[in-house]
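A.B. asks: So I've got this file, final-v9.tsv, and it contains TSV, C-alpha atoms and all ligand atoms:
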chain	number	residue	atom	x	y	z
A	99	MET	CA	223.75	-24.78	153.11
A	100	LEU	CA	225.62	-26.57	155.91
A	101	THR	CA	226.77	-23.23	157.29
A	102	ILE	CA	223.14	-22.17	157.53
A	103	PHE	CA	222.17	-25.41	159.31
A	104	GLU	CA	224.99	-24.86	161.82
A	105	ARG	CA	223.66	-21.38	162.59
A	106	LEU	CA	220.19	-22.85	163.15
A	107	LYS	CA	221.66	-24.94	165.98
A	108	ASP	CA	223.01	-21.74	167.59
A	109	ILE	CA	219.61	-20.11	167.19
A	110	ALA	CA	217.90	-23.15	168.77
A	111	LEU	CA	220.09	-23.00	171.86
A	112	GLU	CA	219.60	-19.25	172.30
A	113	ILE	CA	215.82	-19.21	171.86
A	114	ASP	CA	215.47	-22.25	174.12
A	115	LYS	CA	217.33	-20.35	176.83
A	116	ALA	CA	215.06	-17.32	176.37
A	117	ILE	CA	211.88	-19.46	176.56
A	118	LYS	CA	213.10	-21.08	179.77
A	119	ASN	CA	214.25	-17.93	181.52
A	120	GLU	CA	212.65	-14.79	180.15
A	121	ASP	CA	209.35	-12.95	180.56
A	122	LEU	CA	206.44	-14.74	178.81
A	123	GLY	CA	204.20	-11.66	178.71
A	124	TYR	CA	202.98	-9.47	175.87
A	125	SER	CA	205.02	-6.68	174.31
A	126	ASP	CA	203.28	-3.47	173.25
A	127	GLN	CA	203.71	-4.31	169.54
A	128	GLN	CA	201.72	-6.04	166.78
A	129	ASN	CA	203.12	-8.11	163.91
A	130	ALA	CA	202.61	-7.78	160.12
A	131	THR	CA	199.14	-9.37	160.29
A	132	GLY	CA	197.98	-7.44	163.35
A	133	ASP	CA	198.51	-10.17	166.00
A	134	GLU	CA	199.62	-9.05	169.45
A	135	GLN	CA	203.28	-9.97	169.91
A	136	LEU	CA	204.83	-11.58	172.95
A	137	LYS	CA	208.14	-10.25	174.23
A	138	LEU	CA	209.48	-13.67	173.24
A	139	ASP	CA	208.21	-13.28	169.64
A	140	VAL	CA	210.10	-10.02	169.37
A	141	ALA	CA	213.26	-11.38	171.03
A	142	SER	CA	213.30	-14.58	168.90
A	143	ASP	CA	212.75	-12.56	165.76
A	144	SER	CA	215.63	-10.21	166.42
A	145	LEU	CA	217.95	-13.04	167.50
A	146	ILE	CA	217.33	-14.89	164.22
A	147	GLU	CA	217.71	-11.71	162.21
A	148	HIS	CA	221.07	-10.90	163.79
A	149	THR	CA	222.38	-14.44	163.37
A	150	LEU	CA	221.32	-14.85	159.73
A	151	LYS	CA	222.60	-11.42	158.76
A	152	LYS	CA	226.12	-12.66	159.42
A	153	VAL	CA	225.86	-15.56	156.94
A	154	SER	CA	227.23	-14.62	153.51
A	155	LEU	CA	225.00	-17.14	151.65
A	156	VAL	CA	221.92	-15.24	152.79
A	157	HIS	CA	220.64	-12.74	150.24
A	158	SER	CA	217.61	-11.62	152.26
A	159	ILE	CA	215.28	-12.63	155.06
A	160	ILE	CA	211.55	-12.33	155.77
A	161	SER	CA	210.01	-12.96	159.14
A	162	GLU	CA	206.40	-13.93	159.78
A	163	GLU	CA	206.47	-11.11	162.31
A	164	LYS	CA	207.41	-8.45	159.73
A	165	GLU	CA	205.79	-7.01	156.65
A	166	GLU	CA	208.79	-6.51	154.42
A	167	ILE	CA	211.65	-8.51	153.00
A	168	MET	CA	214.96	-7.39	154.52
A	169	PRO	CA	218.05	-7.30	152.31
A	170	VAL	CA	221.19	-8.92	153.77
A	171	ASN	CA	223.92	-9.58	151.20
A	172	PRO	CA	223.45	-8.76	147.48
A	173	ASP	CA	225.69	-11.70	146.48
A	174	GLY	CA	223.88	-14.23	148.71
A	175	LYS	CA	222.01	-17.16	147.12
A	176	TYR	CA	219.05	-17.62	149.41
A	177	THR	CA	216.08	-15.85	150.93
A	178	ILE	CA	215.23	-17.31	154.31
A	179	CYS	CA	211.60	-17.06	155.42
A	180	TYR	CA	211.03	-17.88	159.07
A	181	ASP	CA	208.39	-18.04	161.76
A	182	PRO	CA	210.45	-17.15	164.85
A	183	LEU	CA	208.09	-18.59	167.47
A	184	ASP	CA	205.20	-20.61	166.16
A	185	GLY	CA	202.48	-21.42	168.67
A	186	SER	CA	203.20	-18.44	170.85
A	187	SER	CA	199.63	-18.64	172.18
A	188	ILE	CA	200.50	-21.89	174.01
A	189	VAL	CA	203.89	-20.91	175.38
A	190	ASP	CA	202.29	-19.50	178.55
A	191	VAL	CA	200.77	-22.90	179.39
A	192	ASN	CA	204.14	-24.58	178.93
A	193	LEU	CA	203.31	-26.63	175.83
A	194	SER	CA	205.96	-27.16	173.17
A	195	VAL	CA	206.50	-24.45	170.58
A	196	GLY	CA	208.81	-24.15	167.58
A	197	THR	CA	210.66	-22.14	164.96
A	198	ILE	CA	210.23	-22.85	161.23
A	199	PHE	CA	212.59	-21.95	158.36
A	200	GLY	CA	212.13	-22.10	154.58
A	201	ILE	CA	215.30	-21.56	152.55
A	202	TYR	CA	214.34	-20.34	149.06
A	203	ASP	CA	216.36	-19.47	145.97
A	204	ARG	CA	216.55	-15.71	145.96
A	205	GLY	CA	213.93	-14.21	143.68
A	206	ASN	CA	211.79	-17.39	143.73
A	207	LEU	CA	209.54	-17.38	146.78
A	208	SER	CA	207.43	-20.39	145.82
A	209	GLY	CA	207.26	-24.13	146.35
A	210	SER	CA	209.57	-24.70	143.39
A	211	GLY	CA	212.10	-22.23	144.79
A	212	LEU	CA	212.26	-23.94	148.18
A	213	ARG	CA	215.72	-25.55	148.51
A	214	ALA	CA	215.64	-26.66	152.14
A	215	ALA	CA	213.47	-26.51	155.22
A	216	ALA	CA	214.08	-26.84	158.93
A	217	TYR	CA	212.27	-26.60	162.22
A	218	ILE	CA	213.22	-26.46	165.86
A	219	VAL	CA	211.06	-27.97	168.64
A	220	TYR	CA	211.35	-26.41	172.09
A	221	GLY	CA	210.03	-29.27	174.18
A	222	PRO	CA	211.28	-31.12	177.22
A	223	ARG	CA	214.29	-31.66	174.89
A	224	LEU	CA	215.49	-29.34	172.17
A	225	GLU	CA	215.27	-30.84	168.68
A	226	LEU	CA	216.08	-29.81	165.13
A	227	VAL	CA	214.91	-31.38	161.87
A	228	VAL	CA	216.42	-30.35	158.53
A	229	ALA	CA	215.28	-31.41	155.07
A	230	VAL	CA	216.72	-30.94	151.62
A	231	ARG	CA	215.00	-32.16	148.47
A	232	GLY	CA	215.16	-35.88	147.84
A	233	LYS	CA	216.78	-37.03	151.12
A	234	ALA	CA	215.14	-38.28	154.31
A	235	PRO	CA	215.06	-35.41	156.83
A	236	ARG	CA	217.82	-35.39	159.44
A	237	HIS	CA	216.83	-35.24	163.08
A	238	TYR	CA	218.98	-33.89	165.90
A	239	ARG	CA	218.35	-33.81	169.63
A	240	SER	CA	220.19	-31.84	172.28
A	241	GLY	CA	222.16	-33.73	174.88
A	242	ALA	CA	224.80	-33.14	177.50
A	243	ARG	CA	226.50	-29.74	177.26
A	244	GLY	CA	223.95	-28.50	174.72
A	245	LEU	CA	225.42	-30.40	171.79
A	246	PHE	CA	223.19	-31.86	169.09
A	247	SER	CA	223.51	-35.53	168.26
A	248	SER	CA	222.12	-37.09	165.14
A	249	ARG	CA	219.17	-39.50	165.44
A	250	ALA	CA	217.74	-41.85	162.81
A	251	PRO	CA	216.54	-40.13	159.60
A	252	VAL	CA	212.81	-39.37	159.62
A	253	ARG	CA	210.72	-41.81	157.53
A	254	LEU	CA	206.94	-42.10	157.43
A	255	ASN	CA	205.13	-45.41	157.15
A	256	GLU	CA	202.44	-45.91	154.51
A	257	LYS	CA	199.75	-45.37	157.18
A	258	GLY	CA	199.67	-43.91	160.68
A	259	LYS	CA	197.34	-43.74	163.70
A	260	ILE	CA	197.17	-40.04	164.57
A	261	ASN	CA	194.54	-37.50	163.55
A	262	ALA	CA	195.39	-33.83	164.22
A	263	PRO	CA	192.49	-31.70	162.95
A	264	GLY	CA	193.07	-27.92	163.11
A	265	GLY	CA	190.60	-25.04	163.07
A	266	THR	CA	187.19	-24.45	164.66
A	267	GLN	CA	184.84	-27.39	164.10
A	268	LYS	CA	181.67	-25.33	163.93
A	269	TYR	CA	183.04	-23.63	160.80
A	270	TRP	CA	184.19	-26.79	158.99
A	271	SER	CA	182.45	-27.82	155.77
A	272	PRO	CA	180.22	-30.93	156.00
A	273	THR	CA	182.72	-32.71	153.70
A	274	HIS	CA	185.61	-31.98	156.03
A	275	LYS	CA	183.67	-32.92	159.13
A	276	ALA	CA	182.56	-36.24	157.60
A	277	PHE	CA	186.12	-37.00	156.55
A	278	ILE	CA	187.62	-36.27	159.99
A	279	ASP	CA	184.86	-38.38	161.62
A	280	SER	CA	185.59	-41.24	159.22
A	281	LEU	CA	189.23	-41.35	160.37
A	282	PHE	CA	188.11	-41.57	164.00
A	283	GLN	CA	185.70	-44.35	162.99
A	284	GLU	CA	188.67	-46.20	161.51
A	285	GLY	CA	190.43	-46.03	164.87
A	286	TYR	CA	192.62	-42.94	164.53
A	287	ARG	CA	193.41	-41.20	167.80
A	288	LEU	CA	193.13	-37.46	168.42
A	289	ARG	CA	196.45	-35.74	169.03
A	290	TYR	CA	196.30	-31.95	168.79
A	291	SER	CA	198.12	-29.42	170.94
A	292	GLY	CA	197.49	-26.28	168.88
A	293	GLY	CA	201.14	-25.90	167.92
A	294	MET	CA	201.84	-27.05	164.39
A	295	VAL	CA	205.50	-27.77	165.11
A	296	PRO	CA	204.97	-30.33	167.89
A	297	ASP	CA	201.78	-31.65	166.23
A	298	LEU	CA	203.52	-32.32	162.90
A	299	HIS	CA	206.70	-33.51	164.64
A	300	GLN	CA	204.67	-36.11	166.52
A	301	ILE	CA	203.20	-37.46	163.27
A	302	LEU	CA	206.67	-37.55	161.67
A	303	LEU	CA	208.35	-39.39	164.54
A	304	LYS	CA	205.45	-41.78	165.21
A	305	GLY	CA	205.56	-42.83	161.57
A	306	GLY	CA	202.39	-41.29	160.17
A	307	GLY	CA	198.90	-39.86	160.49
A	308	LEU	CA	197.19	-36.72	159.28
A	309	PHE	CA	197.42	-33.04	160.23
A	310	SER	CA	194.80	-30.85	158.61
A	311	TYR	CA	194.13	-27.13	158.58
A	312	PRO	CA	191.24	-26.72	156.14
A	313	GLY	CA	189.65	-23.71	154.56
A	314	ALA	CA	186.46	-23.10	156.58
A	315	GLN	CA	183.65	-20.58	156.91
A	316	ASP	CA	185.64	-18.33	159.25
A	317	ARG	CA	188.91	-18.68	157.30
A	318	PRO	CA	188.27	-19.70	153.66
A	319	LYS	CA	192.00	-19.79	152.92
A	320	GLY	CA	193.00	-21.52	156.13
A	321	LYS	CA	195.29	-20.05	158.75
A	322	LEU	CA	198.75	-21.33	158.01
A	323	ARG	CA	201.08	-19.15	155.99
A	324	MET	CA	202.62	-20.65	152.89
A	325	LEU	CA	206.17	-19.29	153.00
A	326	PHE	CA	206.76	-19.57	156.73
A	327	GLU	CA	204.75	-22.63	157.72
A	328	ALA	CA	203.03	-24.73	155.04
A	329	LEU	CA	205.74	-24.99	152.36
A	330	PRO	CA	208.64	-25.79	154.73
A	331	PHE	CA	206.61	-28.60	156.32
A	332	ALA	CA	205.52	-29.80	152.87
A	333	MET	CA	209.19	-30.33	152.04
A	334	VAL	CA	209.79	-32.19	155.30
A	335	PHE	CA	206.76	-34.47	154.75
A	336	GLU	CA	207.60	-35.23	151.12
A	337	SER	CA	211.25	-35.92	151.98
A	338	ALA	CA	210.07	-38.31	154.70
A	339	GLY	CA	207.93	-40.23	152.18
A	340	GLY	CA	204.60	-38.53	152.90
A	341	GLU	CA	202.51	-35.97	151.06
A	342	ALA	CA	201.35	-32.39	151.54
A	343	ILE	CA	198.45	-31.00	149.50
A	344	ASP	CA	195.82	-28.28	149.52
A	345	ASP	CA	192.03	-28.70	149.37
A	346	ARG	CA	192.11	-28.89	145.57
A	347	GLY	CA	194.53	-31.79	145.67
A	348	ARG	CA	197.51	-29.74	144.51
A	349	ARG	CA	200.96	-30.40	145.95
A	350	LEU	CA	201.78	-27.50	148.23
A	351	LEU	CA	205.26	-27.50	146.68
A	352	ASP	CA	203.68	-26.63	143.30
A	353	LEU	CA	202.10	-23.46	144.69
A	354	THR	CA	203.25	-19.83	144.60
A	355	PRO	CA	201.87	-17.40	147.21
A	356	GLU	CA	200.25	-14.23	145.91
A	357	HIS	CA	201.96	-12.24	148.62
A	358	PRO	CA	204.52	-13.14	151.32
A	359	HIS	CA	201.92	-13.57	154.08
A	360	ALA	CA	199.38	-15.57	152.01
A	361	THR	CA	197.80	-18.60	153.71
A	362	THR	CA	196.52	-21.88	152.27
A	363	PRO	CA	194.32	-24.76	153.39
A	364	CYS	CA	196.78	-27.59	153.98
A	365	PHE	CA	196.98	-31.29	154.74
A	366	PHE	CA	200.11	-33.21	155.72
A	367	GLY	CA	200.22	-36.94	156.11
A	368	SER	CA	201.40	-40.32	155.13
A	369	LYS	CA	200.26	-41.76	151.79
A	370	TYR	CA	197.22	-43.62	153.08
A	371	GLU	CA	195.58	-40.68	154.86
A	372	ILE	CA	196.24	-38.30	151.99
A	373	GLY	CA	194.69	-40.87	149.64
A	374	LYS	CA	191.59	-40.98	151.87
A	375	LEU	CA	191.44	-37.19	151.89
A	376	ARG	CA	191.56	-37.06	148.10
A	377	GLU	CA	188.65	-39.53	147.93
A	378	ALA	CA	186.60	-37.58	150.48
A	379	TYR	CA	187.22	-34.21	148.85
A	380	GLY	CA	187.00	-35.63	145.29
A	381	VAL	CA	190.35	-34.11	144.28
A	401	LIG	P1	200.69	-18.60	165.15
A	401	LIG	O1	201.71	-18.51	164.02
A	401	LIG	O2	199.95	-17.32	165.38
A	401	LIG	O3	201.29	-19.18	166.39
A	401	LIG	O4	199.51	-19.59	164.63
A	401	LIG	C1	199.84	-20.80	164.06
A	401	LIG	C2	199.32	-21.92	164.93
A	401	LIG	C3	199.86	-23.26	164.48
A	401	LIG	O5	200.99	-23.60	165.20
A	401	LIG	C4	198.71	-24.20	164.81
A	401	LIG	O6	198.71	-25.34	164.02
A	401	LIG	C5	197.53	-23.34	164.57
A	401	LIG	O7	197.92	-22.01	164.81
A	401	LIG	C6	196.42	-23.70	165.51
A	401	LIG	O8	195.27	-23.01	165.17
A	401	LIG	P2	193.84	-23.42	165.75
A	401	LIG	O9	193.92	-23.10	167.21
A	401	LIG	O10	192.89	-22.55	165.00
A	401	LIG	O11	193.61	-24.89	165.50
A	402	MG	MG	203.14	-19.40	163.06
Spit out the file's structure as structure tokens when you get a sec.
C.D. replies:
Amino acid sequence: MLTIFERLKDIALEIDKAIKNEDLGYSDQQNATGDEQLKLDVASDSLIEHTLKKVSLVHSIISEEKEEIMPVNPDGKYTICYDPLDGSSIVDVNLSVGTIFGIYDRGNLSGSGLRAAAYIVYGPRLELVVAVRGKAPRHYRSGARGLFSSRAPVRLNEKGKINAPGGTQKYWSPTHKAFIDSLFQEGYRLRYSGGMVPDLHQILLKGGGLFSYPGAQDRPKGKLRMLFEALPFAMVFESAGGEAIDDRGRRLLDLTPEHPHATTPCFFGSKYEIGKLREAYGV
């Protein structure tokens, strides 16, 4: 696993360079779910593919940008699912974006098969967070000469102050709207950039809060993809002492997607906010 984490640092440095220096415009391609792709989406995807293909532990890879699983090494142990450039719709306005990785036992693409998770934040500084089951996530930040130095492990408090509500409000259910309003009434502050990586990273480093992406009228199953986005962050939040559940109160890490690109309503937070959510939703 450590070899894989080391390669993620290489990937972080390369994609960061591309974001800073290369063309931010659209390519003439679409991804597996029909979204227009940026040149950077395509470049990040192929950079990750080429790097991970050289790691013998990797059995196969799936990218959020591609339909099919890609075989790598028949003797490898893991399938790596990744979102090469999450938040690509805000890269042109110079907000932070990220890359997300879920490292699954081969043949078990589900919450229970998830062995480790990691994400990269391309912000004013380059950062990497890696999580394995049962240990507080490790946090690295780039410094002089592009090297990563280790920061304090990531630990959530019982309760936070941030409310990051995703989706389009006019399509929220009355239950969800009332719940989000109740957090603001309690004094929570709105922090939402539209990039799940920086939005969740902020909650993790500030010690707590809630990020929600509910099922709503326009998207009954939410927007965020289980294998590439929701499950990896569920592992990070649980390892940091928080919780990650769906709208039926189930742990995201107990779920199995029906197909690789399946989405789920999802809620990530510290214990207090997730407790409040369970009360509001009755789950
Ligand atoms: P993307 O993978 O197409 O970039 O979409 C995922 C992003 C997440 O980073 C973010 O949390 C969400 O979309 C924001 O959606 P919305 O604008 O509907 O709140
Ligand atoms: Mg994404």
A.B. asks: Could you please determine the separation between atom CA of Leu308 of chain A and atom CA of Leu183 of chain A in Å, to one decimal place?
C.D. replies: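 Taking atom CA of Leu308 of chain A and atom CA of Leu183 of chain A, their separation equals 22.7 Å.
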A.B. asks: With only C-alpha atoms and all ligand atoms as the atoms that count, which of A:Val189, A:Ala276, A:Ile109, A:Val252 lies nearest to ligand LIG 401 (chain A)?
C.D. replies: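 The answer is A:Val189, which sits nearest to ligand LIG 401 (chain A).
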A.B. asks: Separation of atom CA of Gly264 of chain A and atom CA of Tyr311 of chain A, in Å?
C.D. replies: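 The value is 4.7 Å.
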A.B. asks: If the box runs along x, y and z of the file and leaves 4 Å on each side of ligand LIG 401 (chain A), what are its centre and edge lengths in Å, one decimal, as lines of an AutoDock Vina configuration file?
C.D. replies:
center_x = 197.3
center_y = -21.3
center_z = 165.6
size_x = 16.8
size_y = 16.0
size_z = 11.2
A.B. asks: Record the distance separating atom CA of Glu327 of chain A and atom CA of Arg348 of chain A, expressed in Å with one decimal.
C.D. replies: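 Separation between atom CA of Glu327 of chain A and atom CA of Arg348 of chain A: 16.7 Å.
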A.B. asks: Which one of A:Arg249, A:Ala262, A:Leu224, A:Ile198 sits closest to Leu298 of chain A if you count only C-alpha atoms?
C.D. replies: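 Of the candidates, the smallest distance to Leu298 of chain A is held by A:Ala262.
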A.B. asks: I'd like to know which of A:Gly367, A:Pro318, A:Pro272, A:Pro235 is closest to Glu341 of chain A, using all atoms listed in the file.
C.D. replies: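 The answer is A:Gly367, which sits nearest to Glu341 of chain A.
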A.B. asks: Do you know which residues are within 7 Å of ligand LIG 401 (chain A) using all atoms listed in the file? Can you write them as a PyMOL selection string?
C.D. replies: chain A and resi 183-187+264-266+292-295+321-322
A.B. asks: Given the choices A:Ile218, A:Leu375, A:Leu353, A:Ile201, which gets closest to Phe277 of chain A if the distance is worked out from only C-alpha atoms?
C.D. replies: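 Nearest candidate to Phe277 of chain A out of A:Ile218, A:Leu375, A:Leu353, A:Ile201: A:Leu375.
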A.B. asks: From the options A:Leu136, A:Cys364, A:Ala342, A:Leu288, which residue's atoms come nearest to Ile260 of chain A, counting only C-alpha atoms?
C.D. replies: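 With only C-alpha atoms as the atom set, the closest residue is A:Leu288.
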A.B. asks: Closest to Glu371 of chain A among A:Tyr124, A:Phe309, A:Phe326, A:Tyr217, using all atoms listed in the file?
C.D. replies: A:Phe309
A.B. asks: Quick one: residues within 9 Å of Leu226 of chain A, only C-alpha atoms, excluding same-chain residues fewer than 4 positions away - as a ChimeraX atom specification?
C.D. replies: /A:106-107,110,216-219,236-240,246
A.B. asks: Need the shell around Arg349 of chain A: protein/DNA/RNA residues with any atom at most 12 Å away, counting all atoms listed in the file. Skip same-chain ones fewer than 4 positions apart. Format as number ranges by chain?
C.D. replies: A: 208-210, 328-329, 331-333, 335-336, 340-345, 353-354, 362-366, 372, 376, 381
A.B. asks: I'd like the neighbourhood of Asp173 of chain A as a PyMOL selection string, where a residue qualifies if any of its atoms comes within 12 Å (using all atoms listed in the file), though same-chain residues fewer than 4 positions away should be ignored.
C.D. replies: chain A and resi 153-158+169+177+204
